[in-house]
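K.L.:
This is the structure, below, for whatever I ask next.
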Amino acid sequence: MQLRIPGPTPCPPETLEAMGRQMMNHRGEGFVPLLASITERLKKVFQTKGDVFLLTSSGTGGMEAAIVNTLSPGDKVLCISNGFFGDRFMDIGRAYGAEVIPLCFDWGKPVDIDAVKRTLNANGSIKAVLVVHNETSTGMTNDLREISVVARDFDKLILVDAISSLGCINLPVDDWHCDVVVTGSQKGWMVPPGLAMVSVSEKAWQAHAQAKMPRCYWDFSLNRDCLQKGQTPWTPAISVFYALDTALDMMLEEGLDGIFRRHARIGSRTRAGVKSLGLSLFPDEDYASDTVTAVRGSERIDVSKLIRVLREEHQVIVAGGMEKLAHSILRIGHLGYVSDDDIESFLEALKEALPKATKA
Ligand SMILES: Cc1ncc(COP(=O)(O)O)c(C=O)c1O
């Protein structure tokens, strides 16, 4: 079976084996060096000297944590959205009483940076910009560097969903002045679901000191205090910590540049491969993601059937579209533990499956 969805992604034997270890006392001495060493190595991958915390939750918990730790009810926030997860960020902000100013673009279309500037100009009291780096729902990567420059010029906090990009695509958190950046263990990290990892900048801490949204489980202060004792506030997903400990060694051995190059090469090969079969990409190609490729169905190609044939006849699992794209695109995950050979064998399966999903 080949799992080619954009998360959970396949795990290498090394991390699966690490998961099989016996539990340990998370308030005992053994956990202290484990947490410290994972945190230090995460900072390397986040490319930050700021704080990084491990929250036992899925990625969405990290998005919620970013919001409740830095904002107060009634705060104006600019939510940039061009996909399902941008909309989710907006929903979480609203759920906690933020005054959300939506800046929406068609799904699969890039962010118009002038529109971001205009909106910030017209709404001086906006406190934060919320944005998704890699929009998994449409297979596109937003130009976070450009957006973060604008957020900085306007002196706004920037909260980033990098759930399906961090550890795969370059995101130098400090160089780009990103205040809270969130990722999830089941994406590029080669480990199972269960952890959200978040970085917190100095500016985010200043906002945190004033932030009034209700928070308990997600409180960054509790994480900071506990981290000094070598603990997490709540019972951590210990098995996923074991796996991440091993995965981080593997990642740092490959090196960040090596990881980014591999994802870029595999992303480009996937796009070239699907196009050579006569398929077209869903997002603007200049913004096509190196971690997930979204392919358009057409009058000729029945994507639901293609997904079924790949599963039933080739044991390859790909994802369909989300929400309004449910039956019109398919999405291929190529992040984390993925090799050139994996993509070649995927493209081979796709080539064989395609005629069976082609309408007469
Ligand atoms: C960009 C993005 N944001 C948020 C999420 C939500 O993460 P989770 O399902 O781990 O809560 C995902 C997961 O697919 C994602 O890809």
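Starting from 1 in every chain, residues are counted up; chains themselves are A, B, ... following the order of the structure tokens, and ligands are numbered from 1 as listed.
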List as a list of chain:residue names the protein and nucleic acid residues lying within 6 Å of ligand 1, with only C-alpha atoms and all ligand atoms counted.

P.N.:
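After applying the 6 Å limit, what remains is A:Ser58, A:Gly59, A:Thr60, A:Phe85, A:Asn134, A:Glu135, A:Thr136, A:Asp161, A:Ile163, A:Ser164, A:Gly184.
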
K.L.:
I need the chosen residues saved as a PDB file, in the first residue's frame, with C-alpha atoms.

P.N.:
ATOM      1  CA  SER A  58      -3.461  17.910  16.154  1.00  0.00           C
ATOM      2  CA  GLY A  59      -2.413  20.921  14.098  1.00  0.00           C
ATOM      3  CA  THR A  60      -5.690  22.757  14.620  1.00  0.00           C
ATOM      4  CA  PHE A  85      -7.440  26.024   5.944  1.00  0.00           C
ATOM      5  CA  ASN A 134       1.086  25.988   2.425  1.00  0.00           C
ATOM      6  CA  GLU A 135      -2.609  25.642   1.543  1.00  0.00           C
ATOM      7  CA  THR A 136      -2.979  21.860   1.574  1.00  0.00           C
ATOM      8  CA  ASP A 161      -0.239  27.995   9.748  1.00  0.00           C
ATOM      9  CA  ILE A 163       1.302  22.776   9.223  1.00  0.00           C
ATOM     10  CA  SER A 164       2.069  21.189   5.860  1.00  0.00           C
ATOM     11  CA  GLY A 184       1.812  19.277  12.907  1.00  0.00           C
TER      12      GLY A 184
END

K.L.:
Considering only C-alpha atoms, tabulate each residue of segment 5-69 of chain A that lies at most 9 Å from segment 236-254 of chain A along with its nearest interatomic pair and the corresponding distance in Å to one decimal; arrange the rows by chain and ascending residue number and present them as CSV.

P.N.:
residue,atom,partner,partner_atom,distance
A:Pro12,CA,A:Ala247,CA,8.6
A:Glu14,CA,A:Thr246,CA,7.0
A:Thr15,CA,A:Ala243,CA,4.5
A:Leu16,CA,A:Ala243,CA,6.7
A:Glu17,CA,A:Ala243,CA,7.9
A:Ala18,CA,A:Ala243,CA,5.3
A:Met19,CA,A:Ser239,CA,4.9
A:Gly20,CA,A:Ser239,CA,7.4
A:Arg21,CA,A:Ser239,CA,7.4
A:Gln22,CA,A:Ser239,CA,8.5
A:Met23,CA,A:Ile238,CA,6.9
A:Met24,CA,A:Ile238,CA,7.7
A:His26,CA,A:Pro236,CA,7.4
A:Leu34,CA,A:Asp245,CA,7.5
A:Leu35,CA,A:Phe241,CA,8.0
A:Ser37,CA,A:Asp245,CA,8.0
A:Ile38,CA,A:Asp245,CA,5.9
A:Arg41,CA,A:Leu248,CA,6.8
A:Leu42,CA,A:Leu248,CA,7.5
A:Lys44,CA,A:Leu252,CA,8.5
A:Val45,CA,A:Leu252,CA,8.1
A:Leu54,CA,A:Pro236,CA,8.5
A:Leu55,CA,A:Pro236,CA,7.6
A:Thr56,CA,A:Pro236,CA,5.6
A:Ser57,CA,A:Ala237,CA,8.6

K.L.:
Record the distance separating atom CA of Lys305 of chain A and atom CA of Gly86 of chain A, expressed in Å with one decimal.

P.N.:
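Separation of atom CA of Lys305 of chain A and atom CA of Gly86 of chain A: 28.3 Å.
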
K.L.:
Using only C-alpha atoms, which residue out of A:Pro233, A:Gly139, A:Pro172, A:Pro214 lies closest to Thr293 of chain A?

P.N.:
A:Gly139

K.L.:
With DSSP run on the backbone, what are the helix (DSSP H, G or I) residues within segment 26-236 of chain A? I'd like them as a PDB file with N, CA and C atoms, in the first residue's frame.

P.N.:
ATOM      1  N   PHE A  31      12.523  12.092  31.238  1.00  0.00           N
ATOM      2  CA  PHE A  31      11.845  12.927  30.240  1.00  0.00           C
ATOM      3  C   PHE A  31      12.567  14.265  30.034  1.00  0.00           C
ATOM      4  N   VAL A  32      13.295  14.705  31.055  1.00  0.00           N
ATOM      5  CA  VAL A  32      13.911  16.042  31.006  1.00  0.00           C
ATOM      6  C   VAL A  32      14.865  16.187  29.810  1.00  0.00           C
ATOM      7  N   PRO A  33      15.844  15.273  29.652  1.00  0.00           N
ATOM      8  CA  PRO A  33      16.746  15.437  28.492  1.00  0.00           C
ATOM      9  C   PRO A  33      16.039  15.200  27.162  1.00  0.00           C
ATOM     10  N   LEU A  34      15.031  14.331  27.159  1.00  0.00           N
ATOM     11  CA  LEU A  34      14.307  14.058  25.910  1.00  0.00           C
ATOM     12  C   LEU A  34      13.625  15.336  25.422  1.00  0.00           C
ATOM     13  N   LEU A  35      12.893  15.994  26.329  1.00  0.00           N
ATOM     14  CA  LEU A  35      12.184  17.218  25.947  1.00  0.00           C
ATOM     15  C   LEU A  35      13.171  18.315  25.551  1.00  0.00           C
ATOM     16  N   ALA A  36      14.255  18.435  26.321  1.00  0.00           N
ATOM     17  CA  ALA A  36      15.232  19.506  26.029  1.00  0.00           C
ATOM     18  C   ALA A  36      15.864  19.281  24.663  1.00  0.00           C
ATOM     19  N   SER A  37      16.223  18.042  24.386  1.00  0.00           N
ATOM     20  CA  SER A  37      16.930  17.791  23.139  1.00  0.00           C
ATOM     21  C   SER A  37      15.992  17.916  21.932  1.00  0.00           C
ATOM     22  N   ILE A  38      14.750  17.473  22.076  1.00  0.00           N
ATOM     23  CA  ILE A  38      13.787  17.642  20.969  1.00  0.00           C
ATOM     24  C   ILE A  38      13.558  19.138  20.729  1.00  0.00           C
ATOM     25  N   THR A  39      13.388  19.882  21.809  1.00  0.00           N
ATOM     26  CA  THR A  39      13.114  21.320  21.661  1.00  0.00           C
ATOM     27  C   THR A  39      14.279  22.024  20.959  1.00  0.00           C
ATOM     28  N   GLU A  40      15.497  21.704  21.361  1.00  0.00           N
ATOM     29  CA  GLU A  40      16.656  22.359  20.746  1.00  0.00           C
ATOM     30  C   GLU A  40      16.745  22.037  19.253  1.00  0.00           C
ATOM     31  N   ARG A  41      16.497  20.768  18.901  1.00  0.00           N
ATOM     32  CA  ARG A  41      16.599  20.402  17.481  1.00  0.00           C
ATOM     33  C   ARG A  41      15.425  20.970  16.674  1.00  0.00           C
ATOM     34  N   LEU A  42      14.265  21.080  17.311  1.00  0.00           N
ATOM     35  CA  LEU A  42      13.136  21.716  16.600  1.00  0.00           C
ATOM     36  C   LEU A  42      13.483  23.159  16.237  1.00  0.00           C
ATOM     37  N   LYS A  43      14.165  23.843  17.164  1.00  0.00           N
ATOM     38  CA  LYS A  43      14.525  25.244  16.892  1.00  0.00           C
ATOM     39  C   LYS A  43      15.383  25.342  15.644  1.00  0.00           C
ATOM     40  N   LYS A  44      16.225  24.327  15.420  1.00  0.00           N
ATOM     41  CA  LYS A  44      17.054  24.345  14.202  1.00  0.00           C
ATOM     42  C   LYS A  44      16.170  24.252  12.963  1.00  0.00           C
ATOM     43  N   VAL A  45      15.175  23.385  13.018  1.00  0.00           N
ATOM     44  CA  VAL A  45      14.326  23.212  11.832  1.00  0.00           C
ATOM     45  C   VAL A  45      13.430  24.445  11.642  1.00  0.00           C
ATOM     46  N   PHE A  46      12.963  25.016  12.738  1.00  0.00           N
ATOM     47  CA  PHE A  46      12.174  26.250  12.640  1.00  0.00           C
ATOM     48  C   PHE A  46      13.072  27.451  12.271  1.00  0.00           C
ATOM     49  N   GLY A  59      -2.859  19.600  14.527  1.00  0.00           N
ATOM     50  CA  GLY A  59      -2.413  20.921  14.098  1.00  0.00           C
ATOM     51  C   GLY A  59      -3.391  22.029  14.448  1.00  0.00           C
ATOM     52  N   THR A  60      -4.675  21.730  14.363  1.00  0.00           N
ATOM     53  CA  THR A  60      -5.690  22.757  14.620  1.00  0.00           C
ATOM     54  C   THR A  60      -5.571  23.307  16.040  1.00  0.00           C
ATOM     55  N   GLY A  61      -5.184  22.456  16.974  1.00  0.00           N
ATOM     56  CA  GLY A  61      -4.944  22.924  18.344  1.00  0.00           C
ATOM     57  C   GLY A  61      -3.860  23.991  18.355  1.00  0.00           C
ATOM     58  N   GLY A  62      -2.841  23.804  17.528  1.00  0.00           N
ATOM     59  CA  GLY A  62      -1.765  24.801  17.437  1.00  0.00           C
ATOM     60  C   GLY A  62      -2.277  26.119  16.867  1.00  0.00           C
ATOM     61  N   MET A  63      -3.209  26.026  15.890  1.00  0.00           N
ATOM     62  CA  MET A  63      -3.778  27.261  15.319  1.00  0.00           C
ATOM     63  C   MET A  63      -4.563  28.005  16.397  1.00  0.00           C
ATOM     64  N   GLU A  64      -5.332  27.234  17.158  1.00  0.00           N
ATOM     65  CA  GLU A  64      -6.122  27.834  18.236  1.00  0.00           C
ATOM     66  C   GLU A  64      -5.188  28.464  19.280  1.00  0.00           C
ATOM     67  N   ALA A  65      -4.102  27.749  19.587  1.00  0.00           N
ATOM     68  CA  ALA A  65      -3.135  28.259  20.571  1.00  0.00           C
ATOM     69  C   ALA A  65      -2.542  29.584  20.103  1.00  0.00           C
ATOM     70  N   ALA A  66      -2.234  29.678  18.800  1.00  0.00           N
ATOM     71  CA  ALA A  66      -1.640  30.910  18.265  1.00  0.00           C
ATOM     72  C   ALA A  66      -2.577  32.086  18.520  1.00  0.00           C
ATOM     73  N   ILE A  67      -3.859  31.853  18.322  1.00  0.00           N
ATOM     74  CA  ILE A  67      -4.838  32.928  18.461  1.00  0.00           C
ATOM     75  C   ILE A  67      -5.081  33.283  19.929  1.00  0.00           C
ATOM     76  N   VAL A  68      -5.406  32.282  20.745  1.00  0.00           N
ATOM     77  CA  VAL A  68      -5.814  32.617  22.123  1.00  0.00           C
ATOM     78  C   VAL A  68      -4.661  33.156  22.962  1.00  0.00           C
ATOM     79  N   PHE A  84      -9.326  26.098   2.100  1.00  0.00           N
ATOM     80  CA  PHE A  84     -10.067  25.538   3.234  1.00  0.00           C
ATOM     81  C   PHE A  84      -9.412  25.888   4.576  1.00  0.00           C
ATOM     82  N   PHE A  85      -8.084  25.813   4.644  1.00  0.00           N
ATOM     83  CA  PHE A  85      -7.440  26.024   5.944  1.00  0.00           C
ATOM     84  C   PHE A  85      -7.321  27.504   6.291  1.00  0.00           C
ATOM     85  N   GLY A  86      -7.276  28.371   5.287  1.00  0.00           N
ATOM     86  CA  GLY A  86      -7.359  29.805   5.560  1.00  0.00           C
ATOM     87  C   GLY A  86      -8.713  30.115   6.186  1.00  0.00           C
ATOM     88  N   ASP A  87      -9.760  29.489   5.643  1.00  0.00           N
ATOM     89  CA  ASP A  87     -11.103  29.695   6.208  1.00  0.00           C
ATOM     90  C   ASP A  87     -11.174  29.170   7.642  1.00  0.00           C
ATOM     91  N   ARG A  88     -10.465  28.063   7.885  1.00  0.00           N
ATOM     92  CA  ARG A  88     -10.495  27.513   9.250  1.00  0.00           C
ATOM     93  C   ARG A  88      -9.858  28.483  10.252  1.00  0.00           C
ATOM     94  N   PHE A  89      -8.755  29.098   9.860  1.00  0.00           N
ATOM     95  CA  PHE A  89      -8.079  30.070  10.748  1.00  0.00           C
ATOM     96  C   PHE A  89      -9.065  31.187  11.113  1.00  0.00           C
ATOM     97  N   MET A  90      -9.814  31.622  10.084  1.00  0.00           N
ATOM     98  CA  MET A  90     -10.802  32.676  10.266  1.00  0.00           C
ATOM     99  C   MET A  90     -11.876  32.232  11.267  1.00  0.00           C
ATOM    100  N   ASP A  91     -12.357  30.990  11.096  1.00  0.00           N
ATOM    101  CA  ASP A  91     -13.407  30.460  11.975  1.00  0.00           C
ATOM    102  C   ASP A  91     -12.932  30.423  13.431  1.00  0.00           C
ATOM    103  N   ILE A  92     -11.688  30.035  13.629  1.00  0.00           N
ATOM    104  CA  ILE A  92     -11.185  29.947  15.009  1.00  0.00           C
ATOM    105  C   ILE A  92     -11.119  31.359  15.608  1.00  0.00           C
ATOM    106  N   GLY A  93     -10.632  32.319  14.821  1.00  0.00           N
ATOM    107  CA  GLY A  93     -10.574  33.703  15.309  1.00  0.00           C
ATOM    108  C   GLY A  93     -11.963  34.177  15.726  1.00  0.00           C
ATOM    109  N   ARG A  94     -12.941  33.916  14.871  1.00  0.00           N
ATOM    110  CA  ARG A  94     -14.314  34.351  15.176  1.00  0.00           C
ATOM    111  C   ARG A  94     -14.843  33.654  16.425  1.00  0.00           C
ATOM    112  N   ALA A  95     -14.540  32.356  16.547  1.00  0.00           N
ATOM    113  CA  ALA A  95     -15.058  31.588  17.688  1.00  0.00           C
ATOM    114  C   ALA A  95     -14.586  32.190  19.009  1.00  0.00           C
ATOM    115  N   ILE A 113      -0.799  40.915  -3.029  1.00  0.00           N
ATOM    116  CA  ILE A 113      -0.092  41.602  -1.940  1.00  0.00           C
ATOM    117  C   ILE A 113      -0.523  43.070  -1.826  1.00  0.00           C
ATOM    118  N   ASP A 114      -0.900  43.672  -2.954  1.00  0.00           N
ATOM    119  CA  ASP A 114      -1.377  45.067  -2.878  1.00  0.00           C
ATOM    120  C   ASP A 114      -2.688  45.152  -2.118  1.00  0.00           C
ATOM    121  N   ALA A 115      -3.511  44.115  -2.269  1.00  0.00           N
ATOM    122  CA  ALA A 115      -4.779  44.097  -1.526  1.00  0.00           C
ATOM    123  C   ALA A 115      -4.502  43.972  -0.029  1.00  0.00           C
ATOM    124  N   VAL A 116      -3.468  43.221   0.322  1.00  0.00           N
ATOM    125  CA  VAL A 116      -3.097  43.106   1.747  1.00  0.00           C
ATOM    126  C   VAL A 116      -2.692  44.492   2.264  1.00  0.00           C
ATOM    127  N   LYS A 117      -1.873  45.181   1.481  1.00  0.00           N
ATOM    128  CA  LYS A 117      -1.419  46.520   1.906  1.00  0.00           C
ATOM    129  C   LYS A 117      -2.604  47.481   2.026  1.00  0.00           C
ATOM    130  N   ARG A 118      -3.485  47.419   1.019  1.00  0.00           N
ATOM    131  CA  ARG A 118      -4.644  48.333   1.037  1.00  0.00           C
ATOM    132  C   ARG A 118      -5.502  48.084   2.272  1.00  0.00           C
ATOM    133  N   THR A 119      -5.718  46.811   2.586  1.00  0.00           N
ATOM    134  CA  THR A 119      -6.585  46.489   3.729  1.00  0.00           C
ATOM    135  C   THR A 119      -5.932  46.941   5.035  1.00  0.00           C
ATOM    136  N   LEU A 120      -4.636  46.752   5.129  1.00  0.00           N
ATOM    137  CA  LEU A 120      -3.958  47.192   6.358  1.00  0.00           C
ATOM    138  C   LEU A 120      -3.975  48.717   6.462  1.00  0.00           C
ATOM    139  N   ASN A 121      -3.832  49.389   5.325  1.00  0.00           N
ATOM    140  CA  ASN A 121      -3.896  50.844   5.318  1.00  0.00           C
ATOM    141  C   ASN A 121      -5.252  51.362   5.743  1.00  0.00           C
ATOM    142  N   ALA A 122      -6.290  50.655   5.275  1.00  0.00           N
ATOM    143  CA  ALA A 122      -7.659  51.125   5.539  1.00  0.00           C
ATOM    144  C   ALA A 122      -8.112  50.789   6.961  1.00  0.00           C
ATOM    145  N   LEU A 144       4.860  33.581   1.643  1.00  0.00           N
ATOM    146  CA  LEU A 144       4.888  34.031   3.034  1.00  0.00           C
ATOM    147  C   LEU A 144       5.952  35.098   3.267  1.00  0.00           C
ATOM    148  N   ARG A 145       7.049  34.980   2.544  1.00  0.00           N
ATOM    149  CA  ARG A 145       8.133  35.942   2.734  1.00  0.00           C
ATOM    150  C   ARG A 145       7.611  37.353   2.438  1.00  0.00           C
ATOM    151  N   GLU A 146       6.929  37.465   1.299  1.00  0.00           N
ATOM    152  CA  GLU A 146       6.403  38.759   0.881  1.00  0.00           C
ATOM    153  C   GLU A 146       5.339  39.262   1.869  1.00  0.00           C
ATOM    154  N   ILE A 147       4.471  38.347   2.297  1.00  0.00           N
ATOM    155  CA  ILE A 147       3.395  38.736   3.224  1.00  0.00           C
ATOM    156  C   ILE A 147       3.986  39.158   4.569  1.00  0.00           C
ATOM    157  N   SER A 148       5.034  38.451   4.988  1.00  0.00           N
ATOM    158  CA  SER A 148       5.608  38.771   6.301  1.00  0.00           C
ATOM    159  C   SER A 148       6.336  40.124   6.261  1.00  0.00           C
ATOM    160  N   VAL A 149       6.879  40.476   5.100  1.00  0.00           N
ATOM    161  CA  VAL A 149       7.521  41.801   4.989  1.00  0.00           C
ATOM    162  C   VAL A 149       6.462  42.888   5.189  1.00  0.00           C
ATOM    163  N   VAL A 150       5.306  42.693   4.567  1.00  0.00           N
ATOM    164  CA  VAL A 150       4.228  43.691   4.705  1.00  0.00           C
ATOM    165  C   VAL A 150       3.753  43.754   6.157  1.00  0.00           C
ATOM    166  N   ALA A 151       3.553  42.588   6.774  1.00  0.00           N
ATOM    167  CA  ALA A 151       3.098  42.576   8.177  1.00  0.00           C
ATOM    168  C   ALA A 151       4.097  43.349   9.044  1.00  0.00           C
ATOM    169  N   ARG A 152       5.366  43.171   8.743  1.00  0.00           N
ATOM    170  CA  ARG A 152       6.398  43.847   9.540  1.00  0.00           C
ATOM    171  C   ARG A 152       6.384  45.356   9.276  1.00  0.00           C
ATOM    172  N   ASP A 153       6.262  45.729   7.985  1.00  0.00           N
ATOM    173  CA  ASP A 153       6.220  47.158   7.650  1.00  0.00           C
ATOM    174  C   ASP A 153       5.071  47.858   8.378  1.00  0.00           C
ATOM    175  N   GLU A 202       9.504  37.080  20.367  1.00  0.00           N
ATOM    176  CA  GLU A 202       9.479  38.051  21.456  1.00  0.00           C
ATOM    177  C   GLU A 202       8.240  38.947  21.343  1.00  0.00           C
ATOM    178  N   LYS A 203       7.945  39.352  20.104  1.00  0.00           N
ATOM    179  CA  LYS A 203       6.770  40.215  19.897  1.00  0.00           C
ATOM    180  C   LYS A 203       5.476  39.471  20.282  1.00  0.00           C
ATOM    181  N   ALA A 204       5.455  38.172  20.005  1.00  0.00           N
ATOM    182  CA  ALA A 204       4.272  37.378  20.387  1.00  0.00           C
ATOM    183  C   ALA A 204       4.160  37.305  21.907  1.00  0.00           C
ATOM    184  N   TRP A 205       5.292  37.215  22.593  1.00  0.00           N
ATOM    185  CA  TRP A 205       5.239  37.208  24.063  1.00  0.00           C
ATOM    186  C   TRP A 205       4.692  38.532  24.593  1.00  0.00           C
ATOM    187  N   GLN A 206       5.081  39.640  23.943  1.00  0.00           N
ATOM    188  CA  GLN A 206       4.560  40.942  24.392  1.00  0.00           C
ATOM    189  C   GLN A 206       3.041  40.981  24.211  1.00  0.00           C
ATOM    190  N   ALA A 207       2.586  40.449  23.074  1.00  0.00           N
ATOM    191  CA  ALA A 207       1.135  40.402  22.846  1.00  0.00           C
ATOM    192  C   ALA A 207       0.472  39.472  23.863  1.00  0.00           C
ATOM    193  N   HIS A 208       1.139  38.393  24.167  1.00  0.00           N
ATOM    194  CA  HIS A 208       0.615  37.406  25.118  1.00  0.00           C
ATOM    195  C   HIS A 208       0.343  38.054  26.484  1.00  0.00           C
ATOM    196  N   ALA A 209       1.241  38.943  26.876  1.00  0.00           N
ATOM    197  CA  ALA A 209       1.094  39.575  28.190  1.00  0.00           C
ATOM    198  C   ALA A 209      -0.193  40.404  28.276  1.00  0.00           C
ATOM    199  N   GLN A 210      -0.681  40.870  27.123  1.00  0.00           N
ATOM    200  CA  GLN A 210      -1.905  41.699  27.105  1.00  0.00           C
ATOM    201  C   GLN A 210      -3.145  40.893  26.692  1.00  0.00           C
ATOM    202  N   PHE A 220       0.651  29.422  26.620  1.00  0.00           N
ATOM    203  CA  PHE A 220       2.100  29.388  26.372  1.00  0.00           C
ATOM    204  C   PHE A 220       2.906  29.621  27.662  1.00  0.00           C
ATOM    205  N   SER A 221       2.375  30.443  28.588  1.00  0.00           N
ATOM    206  CA  SER A 221       3.120  30.694  29.839  1.00  0.00           C
ATOM    207  C   SER A 221       3.332  29.399  30.601  1.00  0.00           C
ATOM    208  N   LEU A 222       2.284  28.581  30.634  1.00  0.00           N
ATOM    209  CA  LEU A 222       2.414  27.293  31.340  1.00  0.00           C
ATOM    210  C   LEU A 222       3.471  26.432  30.673  1.00  0.00           C
ATOM    211  N   ASN A 223       3.476  26.462  29.328  1.00  0.00           N
ATOM    212  CA  ASN A 223       4.476  25.679  28.598  1.00  0.00           C
ATOM    213  C   ASN A 223       5.884  26.170  28.918  1.00  0.00           C
ATOM    214  N   ARG A 224       6.042  27.482  28.963  1.00  0.00           N
ATOM    215  CA  ARG A 224       7.381  28.045  29.227  1.00  0.00           C
ATOM    216  C   ARG A 224       7.848  27.676  30.639  1.00  0.00           C
ATOM    217  N   ASP A 225       6.921  27.801  31.609  1.00  0.00           N
ATOM    218  CA  ASP A 225       7.308  27.484  32.990  1.00  0.00           C
ATOM    219  C   ASP A 225       7.652  26.006  33.132  1.00  0.00           C
ATOM    220  N   CYS A 226       6.822  25.159  32.508  1.00  0.00           N
ATOM    221  CA  CYS A 226       7.062  23.716  32.634  1.00  0.00           C
ATOM    222  C   CYS A 226       8.341  23.304  31.922  1.00  0.00           C
ATOM    223  N   LEU A 227       8.598  23.945  30.781  1.00  0.00           N
ATOM    224  CA  LEU A 227       9.781  23.568  29.992  1.00  0.00           C
ATOM    225  C   LEU A 227      11.059  23.776  30.826  1.00  0.00           C
ATOM    226  N   GLN A 228      11.030  24.815  31.672  1.00  0.00           N
ATOM    227  CA  GLN A 228      12.214  25.045  32.509  1.00  0.00           C
ATOM    228  C   GLN A 228      12.473  23.886  33.463  1.00  0.00           C
TER     229      GLN A 228
END
